[in-house]
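Text of final-v2.cif (mmCIF, C-alpha atoms) as supplied:
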```cif
data_protein
#
loop_
_atom_site.label_atom_id
_atom_site.label_comp_id
_atom_site.auth_asym_id
_atom_site.auth_seq_id
_atom_site.Cartn_x
_atom_site.Cartn_y
_atom_site.Cartn_z
CA MET T 1014 -128.39 -28.05 24.82
CA THR T 1015 -129.45 -27.21 21.26
CA TYR T 1016 -126.93 -24.37 21.20
CA LEU T 1017 -123.99 -26.71 21.69
CA ALA T 1018 -125.48 -29.16 19.19
CA ASP T 1019 -125.67 -26.34 16.62
CA VAL T 1020 -122.06 -25.40 17.30
CA ALA T 1021 -120.95 -29.02 16.99
CA ALA T 1022 -122.83 -29.45 13.71
CA LEU T 1023 -121.30 -26.30 12.23
CA ALA T 1024 -117.78 -27.18 13.35
CA ARG T 1025 -118.22 -30.73 12.04
CA LYS T 1026 -119.26 -29.32 8.67
CA ASP T 1027 -116.04 -27.29 8.41
CA LEU T 1028 -113.83 -30.14 9.57
CA LEU T 1029 -115.47 -32.60 7.14
CA LEU T 1030 -115.10 -30.12 4.32
CA GLU T 1031 -111.42 -29.76 5.13
CA LEU T 1032 -110.97 -33.52 5.44
CA ARG T 1033 -112.39 -34.03 1.95
CA SER T 1034 -110.89 -31.10 0.11
CA ARG T 1035 -107.63 -30.61 2.08
CA ASP T 1036 -107.47 -26.96 1.05
CA THR T 1037 -106.27 -25.16 4.13
CA VAL T 1038 -104.30 -27.27 6.61
CA PRO T 1039 -101.60 -28.55 4.20
CA ALA T 1040 -101.04 -24.97 3.05
CA MET T 1041 -100.73 -23.77 6.65
CA LEU T 1042 -98.27 -26.57 7.46
CA LEU T 1043 -96.08 -25.86 4.49
CA PHE T 1044 -96.27 -22.13 5.12
CA VAL T 1045 -95.20 -22.31 8.75
CA VAL T 1046 -92.28 -24.62 8.02
CA SER T 1047 -91.05 -22.51 5.11
CA THR T 1048 -91.36 -19.39 7.27
CA LEU T 1049 -89.14 -21.01 9.89
CA VAL T 1050 -86.59 -21.88 7.22
CA VAL T 1051 -86.64 -18.30 5.92
CA PHE T 1052 -86.09 -17.06 9.48
CA ASN T 1053 -82.98 -19.18 9.71
CA PHE T 1054 -81.50 -17.02 6.97
CA ALA T 1055 -82.84 -13.79 8.46
CA LEU T 1056 -81.21 -14.28 11.87
CA PRO T 1057 -77.59 -13.25 12.37
CA ALA T 1058 -75.32 -16.03 13.63
CA ASP T 1059 -74.99 -14.57 17.13
CA ALA T 1060 -78.66 -13.61 17.53
CA GLY T 1061 -79.28 -16.08 20.35
CA THR T 1062 -82.41 -18.02 21.18
CA ASP T 1063 -84.48 -15.07 22.41
CA ALA T 1064 -84.66 -13.65 18.90
CA ALA T 1065 -85.71 -17.05 17.57
CA TYR T 1066 -88.63 -17.17 20.04
CA GLY T 1067 -89.73 -13.76 18.78
CA LEU T 1068 -89.71 -15.00 15.21
CA LEU T 1069 -91.69 -18.11 16.19
CA TRP T 1070 -94.53 -15.85 17.28
CA ILE T 1071 -94.47 -13.94 14.01
CA ALA T 1072 -94.63 -17.25 12.13
CA LEU T 1073 -97.60 -18.39 14.22
CA VAL T 1074 -99.54 -15.15 13.75
CA PHE T 1075 -99.03 -15.21 9.99
CA THR T 1076 -99.98 -18.87 9.79
CA ALA T 1077 -103.20 -18.08 11.63
CA LEU T 1078 -103.76 -15.26 9.15
CA LEU T 1079 -103.31 -17.65 6.26
CA GLY T 1080 -105.93 -19.99 7.67
CA LEU T 1081 -108.32 -17.15 8.45
CA THR T 1082 -108.27 -15.68 4.95
CA ARG T 1083 -109.76 -18.98 3.79
CA ALA T 1084 -112.15 -19.40 6.72
CA PHE T 1085 -115.22 -17.97 5.01
CA LEU T 1086 -114.23 -18.86 1.46
CA ALA T 1087 -116.70 -21.70 1.01
CA GLU T 1088 -119.49 -19.67 2.59
CA ARG T 1089 -118.81 -16.79 0.25
CA GLU T 1090 -118.43 -18.75 -2.96
CA GLN T 1091 -121.50 -20.88 -2.40
CA ARG T 1092 -123.44 -18.04 -0.71
CA ILE T 1093 -123.96 -20.20 2.34
CA LEU T 1094 -123.65 -17.45 4.91
CA ASP T 1095 -127.05 -15.95 4.07
CA ALA T 1096 -128.63 -19.37 4.47
CA LEU T 1097 -126.80 -19.92 7.78
CA VAL T 1098 -128.04 -16.58 9.06
CA LEU T 1099 -131.59 -17.56 8.12
CA THR T 1100 -131.50 -20.89 9.97
CA PRO T 1101 -133.29 -20.88 13.31
CA CYS T 1102 -130.15 -21.01 15.44
CA ASP T 1103 -128.38 -18.38 17.48
CA ARG T 1104 -126.04 -16.42 15.19
CA SER T 1105 -123.22 -16.58 17.68
CA ALA T 1106 -123.26 -20.36 17.19
CA ILE T 1107 -121.98 -19.71 13.65
CA TRP T 1108 -119.06 -17.79 15.12
CA LEU T 1109 -118.35 -20.48 17.70
CA GLY T 1110 -118.54 -23.32 15.18
CA LYS T 1111 -116.23 -21.55 12.77
CA GLY T 1112 -113.93 -20.57 15.62
CA VAL T 1113 -113.62 -24.17 16.76
CA ALA T 1114 -112.71 -25.26 13.24
CA VAL T 1115 -110.12 -22.48 12.90
CA LEU T 1116 -108.69 -23.45 16.28
CA ALA T 1117 -108.42 -27.09 15.19
CA PHE T 1118 -106.55 -26.11 12.01
CA LEU T 1119 -104.19 -23.90 13.98
CA VAL T 1120 -103.43 -26.62 16.53
CA LEU T 1121 -102.74 -29.06 13.69
CA ALA T 1122 -100.33 -26.62 12.05
CA GLU T 1123 -98.59 -26.02 15.37
CA ALA T 1124 -98.28 -29.75 16.03
CA VAL T 1125 -95.78 -29.65 13.18
CA ALA T 1126 -94.41 -26.15 13.67
CA LEU T 1127 -93.39 -26.50 17.32
CA PRO T 1128 -91.33 -29.71 16.90
CA ALA T 1129 -89.75 -28.15 13.81
CA PHE T 1130 -88.89 -25.04 15.82
CA ASP T 1131 -87.47 -27.22 18.57
CA LEU T 1132 -85.33 -29.03 16.02
CA PHE T 1133 -84.12 -25.95 14.14
CA PHE T 1134 -83.76 -23.24 16.76
CA ALA T 1135 -84.44 -23.56 20.46
CA PRO T 1136 -86.19 -25.90 22.91
CA VAL T 1137 -89.96 -25.70 23.17
CA THR T 1138 -90.67 -25.53 26.88
CA ALA T 1139 -93.94 -26.21 28.66
CA GLU T 1140 -94.46 -22.44 29.00
CA VAL T 1141 -94.19 -22.00 25.24
CA VAL T 1142 -96.76 -24.73 24.63
CA ALA T 1143 -99.13 -23.21 27.19
CA ALA T 1144 -98.71 -19.75 25.68
CA VAL T 1145 -99.28 -21.08 22.16
CA LEU T 1146 -102.49 -22.84 23.19
CA LEU T 1147 -103.79 -19.75 25.00
CA ALA T 1148 -102.85 -17.53 22.08
CA ASP T 1149 -104.66 -19.87 19.67
CA VAL T 1150 -107.94 -19.23 21.47
CA GLY T 1151 -107.50 -15.47 21.12
CA LEU T 1152 -106.35 -15.66 17.51
CA ALA T 1153 -109.29 -17.87 16.54
CA ALA T 1154 -111.85 -15.78 18.46
CA VAL T 1155 -110.82 -12.38 17.11
CA GLY T 1156 -109.81 -13.73 13.72
CA THR T 1157 -113.12 -15.45 12.99
CA LEU T 1158 -115.06 -12.26 13.64
CA LEU T 1159 -112.73 -10.14 11.54
CA ALA T 1160 -112.70 -12.74 8.74
CA ALA T 1161 -116.50 -12.50 8.60
CA MET T 1162 -116.15 -8.71 8.32
CA ALA T 1163 -113.51 -8.95 5.62
CA ALA T 1164 -115.58 -11.49 3.68
CA ALA T 1165 -118.37 -8.92 3.41
CA SER T 1166 -116.09 -6.24 1.98
CA ARG T 1167 -114.78 -5.81 -1.53
CA ALA T 1168 -111.12 -5.93 -0.49
CA ARG T 1169 -111.45 -9.32 1.28
CA GLU T 1170 -108.02 -10.96 1.56
CA LEU T 1171 -106.37 -7.56 1.52
CA LEU T 1172 -108.43 -6.20 4.37
CA LEU T 1173 -108.07 -9.02 6.90
CA PRO T 1174 -104.38 -8.49 7.79
CA LEU T 1175 -104.99 -4.77 8.25
CA LEU T 1176 -107.82 -5.43 10.68
CA PHE T 1177 -106.16 -8.39 12.34
CA LEU T 1178 -102.56 -7.38 13.06
CA PRO T 1179 -103.14 -4.30 15.28
CA LEU T 1180 -105.60 -6.31 17.35
CA VAL T 1181 -103.25 -9.23 17.97
CA ILE T 1182 -100.21 -7.19 19.04
CA PRO T 1183 -101.12 -7.92 22.70
CA ILE T 1184 -101.10 -11.67 21.90
CA VAL T 1185 -97.59 -11.37 20.50
CA VAL T 1186 -96.48 -9.49 23.62
CA GLY T 1187 -97.98 -12.12 25.89
CA GLY T 1188 -96.58 -15.00 23.85
CA VAL T 1189 -93.06 -13.65 23.54
CA GLY T 1190 -93.06 -12.67 27.20
CA ALA T 1191 -94.15 -16.13 28.28
CA SER T 1192 -91.47 -17.70 26.08
CA ILE T 1193 -88.48 -15.69 27.26
CA ALA T 1194 -89.25 -13.99 30.59
CA ALA T 1195 -88.08 -15.34 33.91
CA ASP T 1196 -91.63 -15.27 35.31
CA PRO T 1197 -93.92 -16.50 32.51
CA ALA T 1198 -96.98 -16.65 34.79
CA ARG T 1199 -97.71 -12.93 34.38
CA TYR T 1200 -97.70 -13.24 30.60
CA LEU T 1201 -99.83 -16.38 30.62
CA GLY T 1202 -102.28 -14.56 32.88
CA PHE T 1203 -102.35 -11.68 30.42
CA LEU T 1204 -103.14 -14.09 27.58
CA VAL T 1205 -106.02 -15.54 29.61
CA LEU T 1206 -107.33 -12.02 30.17
CA TYR T 1207 -107.08 -11.20 26.47
CA ASP T 1208 -108.87 -14.42 25.51
CA LEU T 1209 -111.71 -13.79 27.94
CA VAL T 1210 -112.23 -10.15 27.00
CA PHE T 1211 -112.09 -10.57 23.25
CA ALA T 1212 -113.90 -13.90 23.10
CA ILE T 1213 -116.85 -12.44 24.98
CA LEU T 1214 -116.81 -9.32 22.82
CA SER T 1215 -116.63 -11.31 19.57
CA TRP T 1216 -119.30 -13.73 20.72
CA ALA T 1217 -121.66 -10.89 21.57
CA SER T 1218 -121.05 -8.86 18.42
CA PHE T 1219 -120.90 -11.52 15.70
CA GLU T 1220 -124.63 -11.29 15.08
CA TYR T 1221 -124.32 -7.65 14.00
CA VAL T 1222 -121.57 -8.45 11.53
CA VAL T 1223 -123.37 -11.15 9.54
CA THR T 1224 -126.94 -9.86 9.39
CA GLU T 1225 -127.87 -7.74 6.39
CA MET D 190 -132.91 25.54 9.54
CA SER D 191 -131.14 22.86 11.47
CA THR D 192 -127.96 23.54 9.55
CA SER D 193 -127.81 27.18 10.63
CA LEU D 194 -128.33 26.11 14.22
CA LEU D 195 -125.47 23.65 13.93
CA ASN D 196 -123.26 26.27 12.33
CA ASN D 197 -124.02 28.56 15.23
CA ARG D 198 -122.95 25.94 17.70
CA ALA D 199 -119.81 25.24 15.71
CA PHE D 200 -119.01 28.94 15.74
CA VAL D 201 -119.42 29.23 19.50
CA LEU D 202 -117.28 26.12 20.04
CA ALA D 203 -114.61 27.34 17.66
CA SER D 204 -114.38 30.71 19.41
CA ALA D 205 -114.17 29.02 22.80
CA ALA D 206 -111.46 26.71 21.45
CA ALA D 207 -109.44 29.58 19.99
CA SER D 208 -109.56 31.70 23.13
CA LEU D 209 -108.86 28.83 25.53
CA LEU D 210 -106.00 27.46 23.45
CA LEU D 211 -104.40 30.88 23.08
CA ALA D 212 -104.80 31.51 26.81
CA GLY D 213 -103.28 28.11 27.60
CA LEU D 214 -100.37 28.69 25.25
CA GLY D 215 -99.73 32.17 26.63
CA LEU D 216 -99.82 30.94 30.22
CA ALA D 217 -97.59 27.98 29.46
CA LEU D 218 -94.97 30.12 27.74
CA LEU D 219 -95.03 33.26 29.87
CA TRP D 220 -96.40 32.47 33.29
CA ILE D 221 -95.06 29.03 34.13
CA PRO D 222 -91.35 29.17 34.97
CA GLU D 223 -89.07 27.28 32.61
CA VAL D 224 -88.32 23.73 33.66
CA GLU D 225 -84.68 23.12 34.47
CA GLY D 226 -83.02 20.98 31.81
CA ASP D 227 -86.10 20.45 29.68
CA PRO D 228 -86.52 23.36 27.25
CA ALA D 229 -89.27 21.55 25.38
CA PHE D 230 -91.43 21.12 28.47
CA PRO D 231 -94.11 23.65 27.34
CA ILE D 232 -95.08 21.12 24.66
CA PHE D 233 -96.47 19.11 27.60
CA TYR D 234 -99.43 21.53 27.56
CA LEU D 235 -100.05 20.66 23.93
CA HIS D 236 -99.10 16.98 23.78
CA VAL D 237 -101.02 15.63 26.75
CA PRO D 238 -104.30 17.50 26.06
CA VAL D 239 -104.12 16.38 22.42
CA ALA D 240 -103.63 12.76 23.51
CA LEU D 241 -106.49 12.91 26.02
CA THR D 242 -108.73 14.53 23.41
CA ALA D 243 -107.95 11.72 20.99
CA TYR D 244 -109.04 9.21 23.65
CA ALA D 245 -112.19 11.24 24.21
CA CYS D 246 -112.96 11.14 20.47
CA PHE D 247 -112.44 7.37 20.29
CA GLY D 248 -114.62 6.94 23.36
CA TRP D 249 -117.31 9.19 21.91
CA GLY D 250 -117.22 7.23 18.65
CA ALA D 251 -117.57 3.94 20.53
CA TRP D 252 -120.48 5.34 22.56
CA LYS D 253 -122.24 6.30 19.33
CA ALA D 254 -121.44 2.86 17.94
CA LEU D 255 -123.03 1.26 20.99
CA ARG D 256 -126.11 3.42 20.50
CA LEU D 257 -126.26 2.29 16.87
CA LEU D 258 -126.17 -1.39 17.79
CA TRP D 259 -128.59 -0.87 20.65
CA LEU D 260 -131.20 1.38 19.03
CA ASP D 261 -130.54 0.53 15.37
CA GLU D 262 -130.87 4.15 14.30
CA ASN D 263 -128.92 5.02 11.21
CA ARG D 264 -127.85 8.53 12.16
CA TYR D 265 -125.43 7.17 14.78
CA ASP D 266 -123.32 5.68 12.02
CA LEU D 267 -122.22 9.08 10.71
CA GLU D 268 -121.75 10.38 14.25
CA SER D 269 -119.54 7.47 15.22
CA TYR D 270 -117.57 7.74 11.99
CA THR D 271 -117.02 11.48 12.43
CA ALA D 272 -115.89 11.06 16.02
CA ILE D 273 -113.35 8.42 15.02
CA HIS D 274 -112.23 10.59 12.12
CA MET D 275 -111.47 13.38 14.62
CA GLY D 276 -109.82 10.88 16.93
CA VAL D 277 -107.43 9.82 14.19
CA ILE D 278 -106.54 13.44 13.44
CA PHE D 279 -105.78 14.08 17.10
CA GLY D 280 -103.95 10.77 17.26
CA ILE D 281 -101.63 11.85 14.44
CA LEU D 282 -101.10 15.16 16.24
CA THR D 283 -100.20 13.19 19.39
CA LEU D 284 -97.60 11.21 17.47
CA VAL D 285 -96.12 14.38 15.95
CA THR D 286 -95.99 16.38 19.19
CA GLY D 287 -94.71 13.35 21.10
CA SER D 288 -92.01 12.84 18.53
CA ILE D 289 -90.91 16.47 18.83
CA TRP D 290 -90.82 16.18 22.61
CA ALA D 291 -88.82 12.96 22.36
CA LYS D 292 -86.31 14.70 20.08
CA PHE D 293 -85.79 17.51 22.57
CA THR D 294 -85.74 15.35 25.68
CA TRP D 295 -83.95 12.18 24.57
CA GLY D 296 -82.37 13.34 21.32
CA GLN D 297 -84.27 10.85 19.16
CA TRP D 298 -87.37 11.31 17.06
CA TRP D 299 -88.75 7.96 18.13
CA VAL D 300 -88.34 6.10 21.41
CA TRP D 301 -89.94 2.70 21.87
CA SER D 302 -89.73 3.16 25.61
CA SER D 303 -92.37 5.89 25.59
CA ARG D 304 -95.60 4.07 26.36
CA GLN D 305 -97.91 6.76 25.11
CA LEU D 306 -96.20 7.01 21.73
CA VAL D 307 -96.19 3.26 21.16
CA LEU D 308 -99.82 3.00 22.21
CA PHE D 309 -100.80 5.74 19.80
CA LEU D 310 -98.93 4.05 17.00
CA VAL D 311 -100.90 0.84 17.61
CA LEU D 312 -104.16 2.78 17.83
CA PHE D 313 -103.31 4.72 14.68
CA LEU D 314 -102.81 1.47 12.77
CA PHE D 315 -106.03 0.05 14.22
CA TYR D 316 -108.14 3.06 13.30
CA ALA D 317 -106.52 3.45 9.90
CA ALA D 318 -107.86 -0.06 9.21
CA TYR D 319 -111.27 1.25 10.31
CA PHE D 320 -111.20 3.57 7.32
CA MET D 321 -110.11 0.74 5.04
CA LEU D 322 -113.05 -1.31 6.29
CA ARG D 323 -115.49 1.50 5.59
CA TYR D 324 -114.14 2.37 2.18
CA SER D 325 -114.07 -1.20 0.92
CA THR D 326 -117.59 -2.12 2.03
CA ASP D 327 -120.78 -1.13 0.27
CA PRO D 328 -122.75 1.49 2.21
CA GLY D 329 -125.75 0.17 4.07
CA PRO D 330 -126.91 -1.07 7.45
CA ARG D 331 -124.41 -3.92 7.43
CA ARG D 332 -121.45 -1.59 6.96
CA ALA D 333 -122.82 0.61 9.71
CA ARG D 334 -122.99 -2.33 12.12
CA MET D 335 -119.58 -3.69 11.14
CA SER D 336 -117.99 -0.28 11.68
CA ALA D 337 -119.76 -0.01 15.02
CA VAL D 338 -118.46 -3.40 16.16
CA TYR D 339 -114.95 -2.42 15.08
CA ALA D 340 -115.22 0.90 16.93
CA LEU D 341 -116.22 -0.97 20.09
CA PHE D 342 -113.22 -3.27 19.70
CA GLY D 343 -111.10 -0.11 19.61
CA VAL D 344 -112.04 1.13 23.07
CA VAL D 345 -111.46 -2.34 24.50
CA LEU D 346 -108.12 -2.50 22.72
CA ILE D 347 -106.90 0.74 24.35
CA PRO D 348 -106.53 -0.59 27.92
CA VAL D 349 -105.48 -4.06 26.73
CA SER D 350 -102.74 -2.58 24.55
CA PHE D 351 -101.64 -0.29 27.33
CA LEU D 352 -101.25 -3.28 29.62
CA ALA D 353 -99.43 -5.18 26.85
CA ILE D 354 -96.98 -2.33 26.28
CA ARG D 355 -96.24 -2.12 30.00
CA LEU D 356 -95.62 -5.86 30.09
CA ALA D 357 -93.48 -5.70 26.95
CA GLU D 358 -91.12 -3.17 28.52
CA ASP D 359 -89.81 -5.80 30.88
CA VAL D 360 -88.70 -8.24 28.20
CA ILE D 361 -88.61 -6.60 24.83
CA HIS D 362 -87.37 -3.03 25.04
CA PRO D 363 -85.50 -2.39 28.23
CA GLY D 364 -83.63 0.41 26.38
CA PRO D 365 -83.32 3.82 27.96
CA ILE D 366 -85.42 3.74 31.09
CA VAL D 367 -87.58 6.82 31.13
CA THR D 368 -88.08 8.08 34.64
CA SER D 369 -90.52 10.80 35.59
CA ARG D 370 -92.10 10.85 32.16
CA GLU D 371 -94.38 13.69 33.14
CA GLY D 372 -91.54 15.91 34.25
CA PRO D 373 -91.90 17.68 37.59
CA GLN D 374 -94.85 17.03 39.83
CA MET D 375 -97.85 19.04 38.81
CA THR D 376 -98.43 21.89 41.21
CA GLY D 377 -101.65 23.88 41.37
CA ASP D 378 -100.48 26.44 38.81
CA LEU D 379 -99.30 23.85 36.33
CA PHE D 380 -102.51 21.92 36.72
CA PHE D 381 -104.56 25.06 36.08
CA VAL D 382 -102.73 25.80 32.84
CA PHE D 383 -103.05 22.17 31.85
CA CYS D 384 -106.80 22.27 32.43
CA VAL D 385 -107.15 25.43 30.34
CA SER D 386 -105.29 23.77 27.45
CA PHE D 387 -107.29 20.57 27.82
CA ALA D 388 -110.61 22.42 27.81
CA GLY D 389 -109.48 24.34 24.73
CA MET D 390 -108.50 21.15 22.95
CA LEU D 391 -111.81 19.48 23.79
CA ALA D 392 -113.67 22.55 22.50
CA LEU D 393 -111.60 22.40 19.32
CA ALA D 394 -112.45 18.71 18.83
CA ALA D 395 -116.13 19.42 19.47
CA ALA D 396 -116.10 22.31 16.97
CA LEU D 397 -114.42 20.19 14.31
CA TYR D 398 -116.82 17.32 15.04
CA THR D 399 -119.89 19.53 14.69
CA ASN D 400 -118.60 21.09 11.53
CA GLU D 401 -117.61 17.81 9.93
CA LEU D 402 -120.89 16.17 10.91
CA THR D 403 -122.86 18.97 9.28
CA GLY D 404 -120.84 18.56 6.11
CA LYS D 405 -121.21 14.80 6.05
CA ARG D 406 -124.96 14.96 6.68
CA LEU D 407 -125.39 17.47 3.87
CA ASP D 408 -123.32 15.24 1.66
CA SER D 409 -125.40 12.15 2.35
CA SER D 410 -128.75 13.92 1.97
CA LEU D 411 -127.51 15.41 -1.29
CA ARG D 412 -126.59 11.92 -2.48
CA GLU D 413 -130.01 10.60 -1.50
CA LEU D 414 -131.70 13.44 -3.39
CA ARG D 415 -129.59 12.78 -6.45
CA GLU D 416 -130.35 9.07 -6.34
CA SER D 417 -134.08 9.69 -6.05
CA LEU D 418 -133.91 12.00 -9.07
CA GLU D 419 -132.17 9.46 -11.25
#
```

What does the file become when written as structure tokens?
Amino acid sequence: MTYLADVAALARKDLLLELRSRDTVPAMLLFVVSTLVVFNFALPADAGTDAAYGLLWIALVFTALLGLTRAFLAEREQRILDALVLTPCDRSAIWLGKGVAVLAFLVLAEAVALPAFDLFFAPVTAEVVAAVLLADVGLAAVGTLLAAMAAASRARELLLPLLFLPLVIPIVVGGVGASIAADPARYLGFLVLYDLVFAILSWASFEYVVTE
Amino acid sequence: MSTSLLNNRAFVLASAAASLLLAGLGLALLWIPEVEGDPAFPIFYLHVPVALTAYACFGWGAWKALRLLWLDENRYDLESYTAIHMGVIFGILTLVTGSIWAKFTWGQWWVWSSRQLVLFLVLFLFYAAYFMLRYSTDPGPRRARMSAVYALFGVVLIPVSFLAIRLAEDVIHPGPIVTSREGPQMTGDLFFVFCVSFAGMLALAAALYTNELTGKRLDSSLRELRESLE
């Protein structure tokens, strides 16, 4: 089980780094809450709760984006990625470790965002929570791979949203559908499908993105 | 030597494309009877072949990307890039022709209820980012592999997005329900004309691809020569 041990070590490194520096998660928390407040002023008075659920998903996607732009910051500034690639572990373990850390940050941000949404706008049902958790897996899987790509380019922070947003449109569809449709099961199933397909694809292709 | 051979092939493909497309257009306008209540229907013979050709280009680009990752041969990078370049051009054409058709059929330049149009908009955004990725990364084997991975994501995204757009119709844009999107059922005659147009469009894409690839290869070998002289 050395593979899982590698993944755990890499994820632990990111979580420890965040625990000591507190660079990313507080920013994500503040961002998602301020986005929700801005949405309050963007919605017309008679917009209803369906529109609010739609905006919740936009807030979540952009919060994930905020976390992802910083995901490979330490690696890039300290030139750690080259060293990680040289270590005798499977390269996909780097992706999985980073993905787990990103997922943890996202869940932390949502632990504040969802109660706030419930308080401000509309009730957070069990379906919404399930959809958010499923969507997190997809966002972290695809996002970690694309963040590694963007970190290697000159445009960096500018490039990531351009790569990320078209790919996560299906997640938004699944999430909004699960939040407001009468039969959320179809949409939750779609999110599971998305997670499986893109997690496998990202896992298999990460090696090609980080090697020189 | 190899360049003249490629030019020859491009010439043959271009002539085939021109004759097939003209034949398809002529048949669509003159031979097929006008469709009741849909004066813009002949654009079907342009719009659908263009859309299918765009898919073919994206698929071809992804196939070359897979070859690049599998065999690690550098020439596939340019081939994949050129195919996706052509795919984006045909994708833009799909959006334009679809928009014209929408204007004639539903009186609006853009309808969110048309699955094909929405899908092509998503794909256009996705592949436009492909160019951003290429232009903002230093050339080399890593850029080649990153582009290849992104191209592979594209062909997976096509069916997933299609499914997502179908699902979204139920909750997000019920709007004007579009029934019988493809107009009347395709009879043998219609299908024949459609196939002629489609073959012409594929030949056109192949001709453009060959031509563009020749140009890009010349360009890169010229750059290599210049660098070795410096």

Selection dump of the PyMOL selection byres ((chain T and resi 1164) around 12), as a ChimeraX atom specification:
/T:1081-1090,1092,1094,1156-1163,1165-1173,1222-1223 /D:322,325-326,332,335

Could you tell me which residues the PyMOL selection byres ((chain T and resi 1207) around 10) grabs in this file, written as a list of chain:residue names?
T:Leu1147, T:Ala1148, T:Val1150, T:Gly1151, T:Val1181, T:Pro1183, T:Ile1184, T:Gly1187, T:Leu1201, T:Gly1202, T:Phe1203, T:Leu1204, T:Val1205, T:Leu1206, T:Asp1208, T:Leu1209, T:Val1210, T:Phe1211, T:Ala1212, T:Ile1213, D:Leu346, D:Val349, D:Ser350, D:Ala353

Mind telling me what the PyMOL selection byres ((chain D) within 8 of (chain T)) catches here, as an NGL selection string?
:D and (258 or 311-312 or 314-315 or 318-319 or 321-322 or 325-327 or 330-331 or 334-335 or 338 or 342 or 346 or 349-350 or 353-354 or 356-357 or 360-361)

How would the residues just picked look written out with C-alpha atoms as a PDB file, keeping the file's coordinate frame?
```pdb
ATOM      1  CA  LEU D 258    -126.170  -1.390  17.790  1.00  0.00           C
ATOM      2  CA  VAL D 311    -100.900   0.840  17.610  1.00  0.00           C
ATOM      3  CA  LEU D 312    -104.160   2.780  17.830  1.00  0.00           C
ATOM      4  CA  LEU D 314    -102.810   1.470  12.770  1.00  0.00           C
ATOM      5  CA  PHE D 315    -106.030   0.050  14.220  1.00  0.00           C
ATOM      6  CA  ALA D 318    -107.860  -0.060   9.210  1.00  0.00           C
ATOM      7  CA  TYR D 319    -111.270   1.250  10.310  1.00  0.00           C
ATOM      8  CA  MET D 321    -110.110   0.740   5.040  1.00  0.00           C
ATOM      9  CA  LEU D 322    -113.050  -1.310   6.290  1.00  0.00           C
ATOM     10  CA  SER D 325    -114.070  -1.200   0.920  1.00  0.00           C
ATOM     11  CA  THR D 326    -117.590  -2.120   2.030  1.00  0.00           C
ATOM     12  CA  ASP D 327    -120.780  -1.130   0.270  1.00  0.00           C
ATOM     13  CA  PRO D 330    -126.910  -1.070   7.450  1.00  0.00           C
ATOM     14  CA  ARG D 331    -124.410  -3.920   7.430  1.00  0.00           C
ATOM     15  CA  ARG D 334    -122.990  -2.330  12.120  1.00  0.00           C
ATOM     16  CA  MET D 335    -119.580  -3.690  11.140  1.00  0.00           C
ATOM     17  CA  VAL D 338    -118.460  -3.400  16.160  1.00  0.00           C
ATOM     18  CA  PHE D 342    -113.220  -3.270  19.700  1.00  0.00           C
ATOM     19  CA  LEU D 346    -108.120  -2.500  22.720  1.00  0.00           C
ATOM     20  CA  VAL D 349    -105.480  -4.060  26.730  1.00  0.00           C
ATOM     21  CA  SER D 350    -102.740  -2.580  24.550  1.00  0.00           C
ATOM     22  CA  ALA D 353     -99.430  -5.180  26.850  1.00  0.00           C
ATOM     23  CA  ILE D 354     -96.980  -2.330  26.280  1.00  0.00           C
ATOM     24  CA  LEU D 356     -95.620  -5.860  30.090  1.00  0.00           C
ATOM     25  CA  ALA D 357     -93.480  -5.700  26.950  1.00  0.00           C
ATOM     26  CA  VAL D 360     -88.700  -8.240  28.200  1.00  0.00           C
ATOM     27  CA  ILE D 361     -88.610  -6.600  24.830  1.00  0.00           C
TER      28      ILE D 361
END
```

From the options T:Glu1123, T:Asp1036, T:Asp1019, T:Asp1196, which residue's atoms come nearest to Asp1149 of chain T, counting all atoms listed in the file?
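Smallest separation from Asp1149 of chain T among the options: T:Glu1123.
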
Using only C-alpha atoms, which of D:Ala291, D:Gly276, D:Ile281, D:Leu267 sits nearest Asp408 of chain D?
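With only C-alpha atoms as the atom set, the closest residue is D:Leu267.
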
For the atom pair atom CA of Trp252 of chain D and atom CA of Val1098 of chain T, what is the interatomic distance in Å to one decimal place?
26.8 Å

Taking only C-alpha atoms into account, name the residue in D:Tyr398, D:Trp295, D:Phe279, D:Phe381 that is nearest to Ala240 of chain D.
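The closest residue to Ala240 of chain D is D:Phe279.
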
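Residues lying within 9 Å of Gly213 of chain D, counting all atoms listed in the file and ignoring same-chain neighbours fewer than 2 positions away, are Ser208, Leu209, Leu210, Leu211, Gly215, Leu216, Ala217, Leu218, Tyr234, Leu235, Val382, Phe383, Cys384, Val385, Ser386, Phe387 and Gly389 of chain D.
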
Shortest interatomic distance to Tyr265 of chain D - which of D:Gly404, D:Gly250, D:Gly377, D:Gly296, counting only C-alpha atoms
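Of D:Gly404, D:Gly250, D:Gly377, D:Gly296, the one nearest Tyr265 of chain D, counting only C-alpha atoms, is D:Gly250.
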
Taking 4 positions as the minimum chain separation for residues in the same chain, which residues sit within 12 Å of Ile278 of chain D when counting all atoms listed in the file? Answer as a PyMOL selection string.
chain D and resi 239-240+242-244+246-247+271-274+282-285+309+312-313+316-317+393-394+397-398

Limit the output to C-alpha atoms and give segment 308-316 of chain D as a CSV table (one decimal), in the first residue's frame.
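The resulting file, out.csv, is reproduced below:
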```csv
chain,number,residue,atom,x,y,z
D,308,LEU,CA,-23.2,22.3,-27.4
D,309,PHE,CA,-21.2,24.1,-30.0
D,310,LEU,CA,-21.0,27.2,-27.9
D,311,VAL,CA,-19.6,25.2,-25.0
D,312,LEU,CA,-17.1,23.4,-27.3
D,313,PHE,CA,-16.1,26.7,-28.9
D,314,LEU,CA,-15.3,28.1,-25.5
D,315,PHE,CA,-13.4,24.9,-24.5
D,316,TYR,CA,-11.3,24.8,-27.7
```
